[in-house]
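Notes to accompany the following structure.
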Amino acid sequence: MNYRHAFHAGNFADVIKHIVLVRILTYLQEKPAAFRVIDTHAGAGVYDLTGEEAARGSEWLTGIARLMQARFSDAAGALVAPYLDIVRAFNPQRDLRSYPGSPLIARALLRPQDRLVACELEPVARKHLVNALRRDVQANVVDLDGWTALSAFVPPKERRGLVLIDPPFEHKDEFDRLADGFAGAFAKWPTGCYMLWYPAKRRRATDDLARRVGAEFGGDADRCLRLEFSVAPQTPDGPLTAAGLLIVNPPWTLRAELKLVLPELEKPLGQGGAARFRLEAVGG
Ligand code: SAM
């Protein structure tokens, strides 16, 4: 495992993913019944943006740094605010120095009845995550392969919740693993909400993933949203400039919320011109 998320923490793809994560968890908070978050590829939890890895990548400068300065309409601003508030809580000083990863963002939105399971296989990242969630009775960091965890922890006893599957895409077969892993989990827990992250570099691979995921729920276009966000044209050997999410069983409010928010992210996150997004339902 060579992947280090610290290079990418707070970049455009993290920003989009984490805004969606916060919208989903905010929705789950609306009912008193407990929910569980299962984060299969959790990362280190908190990233030092002044550290060597983040500084070398500098990706956060065109991601979260720009977003913190952006102006939003009242409607979009209200939807992005809970995410920005969480980021601000990690930066009590004026400067942006820390960025919370998905498990810490999810943790910030747990109520006393809710639980988090976070899997991280890479020892250094896991040690950081364990430290970040030390003595937290609501959060469990597990030293387990995320794909194994996916079948081990699904369905959760709460029967409400979100599974975030955010693998590093280091291996060529990661699209197949994602489709297979989702299919296995979905068969056991068809009512859970799932977020599947992917790099949107090759159209054929991303279309195939969406088709395979859509095939799991045969024909019901309301059950999956596909969101892709591109900040610049993708070159074959260049850095990633487009990322996608498949959101299965999305809150019914999510599509309308994203239609308000995404257009207002295009200008701040665009690199050398405006970014572009695509939001559509995935049929079965
Ligand atoms: N979800 C995080 C976030 O949004 O802040 C970012 C996760 S990063 C894209 C992927 C993480 O998965 C890396 O920290 C990597 O070490 C870890 N990882 C790689 N293979 C894994 C596996 N088989 N099981 C669990 N974690 C794994």
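By order in the structure tokens, chains are A, B, ...; within a chain, residues start at 1; ligands start at 1, following the order shown.
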Worksheet entry | 12 Å contact set for A:Pro123, only C-alpha atoms, chain neighbours under 6 positions out, as a list of chain:residue names |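 Once the adjacent positions are removed, what remains is A:Met1, A:Asn2, A:Tyr3, A:Arg4, A:Gly43, A:Ala44, A:Leu129, A:Val130, A:Val141, A:Val142, A:Asp143, A:Leu144, A:Asp145.
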Step by step, measure atom-to-atom distances between ligand 1 and each residue using only C-alpha atoms and all ligand atoms, keep those at most 8 Å, then write them as a JSON list (two decimals) with C-alpha atoms, in the first residue's frame.
[["chain", "number", "residue", "atom", "x", "y", "z"],
["A", 1, "MET", "CA", 0.00, 0.00, 0.00],
["A", 2, "ASN", "CA", 1.66, 3.17, -1.18],
["A", 3, "TYR", "CA", -1.35, 5.45, -1.11],
["A", 4, "ARG", "CA", -1.17, 8.34, 1.37],
["A", 5, "HIS", "CA", -4.31, 10.40, 1.57],
["A", 9, "ALA", "CA", -6.52, 15.86, 1.90],
["A", 14, "ASP", "CA", -12.54, 15.54, -0.73],
["A", 17, "LYS", "CA", -17.33, 13.91, -1.10],
["A", 18, "HIS", "CA", -17.46, 15.47, 2.35],
["A", 39, "ASP", "CA", -16.34, 3.86, 6.72],
["A", 40, "THR", "CA", -14.53, 1.02, 4.93],
["A", 41, "HIS", "CA", -11.42, 2.99, 3.89],
["A", 42, "ALA", "CA", -11.22, 5.65, 6.54],
["A", 43, "GLY", "CA", -7.76, 7.22, 6.29],
["A", 44, "ALA", "CA", -5.88, 8.97, 9.09],
["A", 45, "GLY", "CA", -8.77, 11.03, 10.41],
["A", 100, "PRO", "CA", -10.74, 16.41, 8.99],
["A", 101, "GLY", "CA", -11.16, 13.20, 7.01],
["A", 102, "SER", "CA", -14.38, 11.27, 6.63],
["A", 103, "PRO", "CA", -14.36, 9.45, 10.01],
["A", 119, "CYS", "CA", -11.54, 0.57, 8.91],
["A", 120, "GLU", "CA", -8.00, 1.50, 8.00],
["A", 121, "LEU", "CA", -5.38, -1.01, 6.97],
["A", 122, "GLU", "CA", -2.26, 1.13, 6.58],
["A", 123, "PRO", "CA", -0.51, 1.10, 10.02],
["A", 125, "ALA", "CA", -2.76, 6.11, 9.09],
["A", 126, "ARG", "CA", -4.52, 3.71, 11.46],
["A", 143, "ASP", "CA", -7.74, -3.13, 11.83],
["A", 144, "LEU", "CA", -9.59, -4.96, 9.11],
["A", 145, "ASP", "CA", -9.53, -5.02, 5.35],
["A", 146, "GLY", "CA", -12.30, -2.66, 4.22],
["A", 147, "TRP", "CA", -13.71, -5.20, 1.76],
["A", 148, "THR", "CA", -13.94, -7.84, 4.47],
["A", 164, "LEU", "CA", -18.88, 5.01, 2.73],
["A", 165, "ILE", "CA", -16.67, 3.02, 0.35],
["A", 166, "ASP", "CA", -13.70, 5.14, -0.58],
["A", 167, "PRO", "CA", -10.82, 2.90, -1.71],
["A", 168, "PRO", "CA", -7.48, 4.30, -2.88],
["A", 169, "PHE", "CA", -7.74, 2.94, -6.46]]
Worksheet entry | Residue contacts of A:Leu67 (8 Å, only C-alpha atoms) excluding same-chain residues fewer than 2 positions away, as number ranges by chain | A: 63-65, 69-70, 265, 268-269
How about saving the chosen residues, C-alpha atoms kept, as a PDB file, in the first residue's frame?
ATOM      1  CA  GLY A  63      -9.931  22.722  -2.625  1.00  0.00           C
ATOM      2  CA  ILE A  64     -10.904  23.566   0.922  1.00  0.00           C
ATOM      3  CA  ALA A  65      -8.822  26.779   0.989  1.00  0.00           C
ATOM      4  CA  GLN A  69     -13.156  32.037   0.874  1.00  0.00           C
ATOM      5  CA  ALA A  70     -16.102  31.452  -1.465  1.00  0.00           C
ATOM      6  CA  LEU A 265     -18.868  25.150  -6.358  1.00  0.00           C
ATOM      7  CA  PRO A 268     -14.272  28.338  -6.609  1.00  0.00           C
ATOM      8  CA  LEU A 269     -13.062  24.815  -7.420  1.00  0.00           C
TER       9      LEU A 269
END
Practice prompt. Give me every strand (DSSP E or B) residue in stretch 41-246 of chain A, going by DSSP on the backbone, as JSON, numbers by chain.
Written response: {"A": [46, 47, 48, 98, 99, 100, 115, 116, 117, 118, 119, 139, 140, 141, 142, 161, 162, 163, 164, 165, 193, 194, 195, 196, 197, 198, 199, 224, 225, 226, 227, 228, 229, 230, 242, 243, 244, 245, 246]}
Worksheet item: Which of these, A:Asp48, A:Asp220, A:Glu266, A:Asp136, has the shortest distance to A:Ala232 once you count only C-alpha atoms?
Response: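 Counting only C-alpha atoms, the residue closest to A:Ala232 is A:Glu266.
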Item to complete: Could you check which of A:Leu110, A:Ala55, A:Ala6, A:Leu133 is closest to A:Ala33, using only C-alpha atoms?
Response: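 Distance minimum relative to A:Ala33 lands on A:Leu110.
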Practice prompt. Name all residues at most 7 Å from A:Val37 (count only C-alpha atoms; drop same-chain ones fewer than 4 positions away) and give them as a ChimeraX atom specification.
Written response: /A:115-117,161-163
How would the residues just chosen look if you wrote them out with C-alpha atoms as a short mmCIF file (atom, residue, chain, number, x, y, z; two decimals), in the first residue's frame?
data_model
loop_
_atom_site.label_atom_id
_atom_site.label_comp_id
_atom_site.auth_asym_id
_atom_site.auth_seq_id
_atom_site.Cartn_x
_atom_site.Cartn_y
_atom_site.Cartn_z
CA ARG A 115 -22.14 4.78 16.12
CA LEU A 116 -19.19 4.81 13.73
CA VAL A 117 -17.06 1.92 12.51
CA GLY A 161 -27.12 4.36 8.31
CA LEU A 162 -24.50 5.03 5.72
CA VAL A 163 -21.70 2.96 4.23
#
Contacts between stretch 78-83 of chain A and stretch 160-273 of chain A, please, where a residue of stretch 160-273 of chain A counts if it comes within 9 Å (with only C-alpha atoms); show its shortest atom pair and distance in Å to one decimal, rows by chain and ascending number, as a tab-separated table.
residue	atom	partner	partner_atom	distance
A:Glu257	CA	A:Leu79	CA	7.2
A:Leu258	CA	A:Leu79	CA	8.9
A:Leu260	CA	A:Leu79	CA	8.6
A:Val261	CA	A:Leu79	CA	7.2
Keeping N, CA, C and O atoms for every residue in the selection just given, could you write it to a file as a short mmCIF file (atom, residue, chain, number, x, y, z; two decimals), in the first residue's frame?
data_model
loop_
_atom_site.label_atom_id
_atom_site.label_comp_id
_atom_site.auth_asym_id
_atom_site.auth_seq_id
_atom_site.Cartn_x
_atom_site.Cartn_y
_atom_site.Cartn_z
N GLU A 257 -30.92 19.41 -3.13
CA GLU A 257 -29.86 20.14 -2.41
C GLU A 257 -28.62 20.28 -3.28
O GLU A 257 -28.03 21.36 -3.37
N LEU A 258 -28.24 19.18 -3.93
CA LEU A 258 -27.04 19.22 -4.76
C LEU A 258 -27.23 20.13 -5.97
O LEU A 258 -26.28 20.78 -6.42
N LEU A 260 -28.73 22.86 -5.91
CA LEU A 260 -28.48 24.21 -5.44
C LEU A 260 -27.00 24.46 -5.18
O LEU A 260 -26.47 25.54 -5.48
N VAL A 261 -26.33 23.46 -4.62
CA VAL A 261 -24.96 23.67 -4.16
C VAL A 261 -23.92 23.56 -5.29
O VAL A 261 -23.01 24.39 -5.41
#
Fill in: Near-A:Lys31 list (12 Å; only C-alpha atoms; drop same-chain fewer than 6 positions) as a PyMOL selection string
chain A and resi 25+111+113-114+160-161
Practice prompt. Measuring atom to atom with only C-alpha atoms, identify which of A:Phe217, A:Phe175, A:Tyr198, A:Tyr27 is nearest to A:Val282.
Written response: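 Among the listed residues, A:Phe217 lies closest to A:Val282.
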Worksheet entry | Those of stretch 48-168 of chain A in DSSP helix (DSSP H, G or I), formatted as an MDAnalysis selection string | chainID A and resid 52:57 59:62 64:69 74:89 102:108 123:132 146:153
Worksheet item: A:Cys224: which residues within 8 Å, counting only C-alpha atoms, same-chain residues fewer than 6 positions away excluded, as a list of chain:residue names?
Response: A:Gly214, A:Leu246, A:Ile247, A:Val248, A:Asn249, A:Pro250, A:Ala281, A:Val282, A:Gly283
Worksheet item: Excluding same-chain residues fewer than 4 positions from A:Ala185, what lies within 9 Å of it counting only C-alpha atoms, as a PyMOL selection string?
Response: chain A and resi 150-151+154-155+180-181+189-190
Item to complete: Between A:Ala210, A:Ile38, A:Val15, A:Val20, single out the one closest to A:Gly192, counting only C-alpha atoms.
Response: A:Ile38
Worksheet item: Which residue gives the smallest distance to A:Pro156 among A:Ala256, A:Cys193, A:Ala75, A:Ala221, with only C-alpha atoms counted?
Response: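 Of A:Ala256, A:Cys193, A:Ala75, A:Ala221, the one nearest A:Pro156 is A:Cys193, counting only C-alpha atoms.
Going from atom CA of A:Arg177 over to atom CA of A:Asp208, you cover 12.5 Å.
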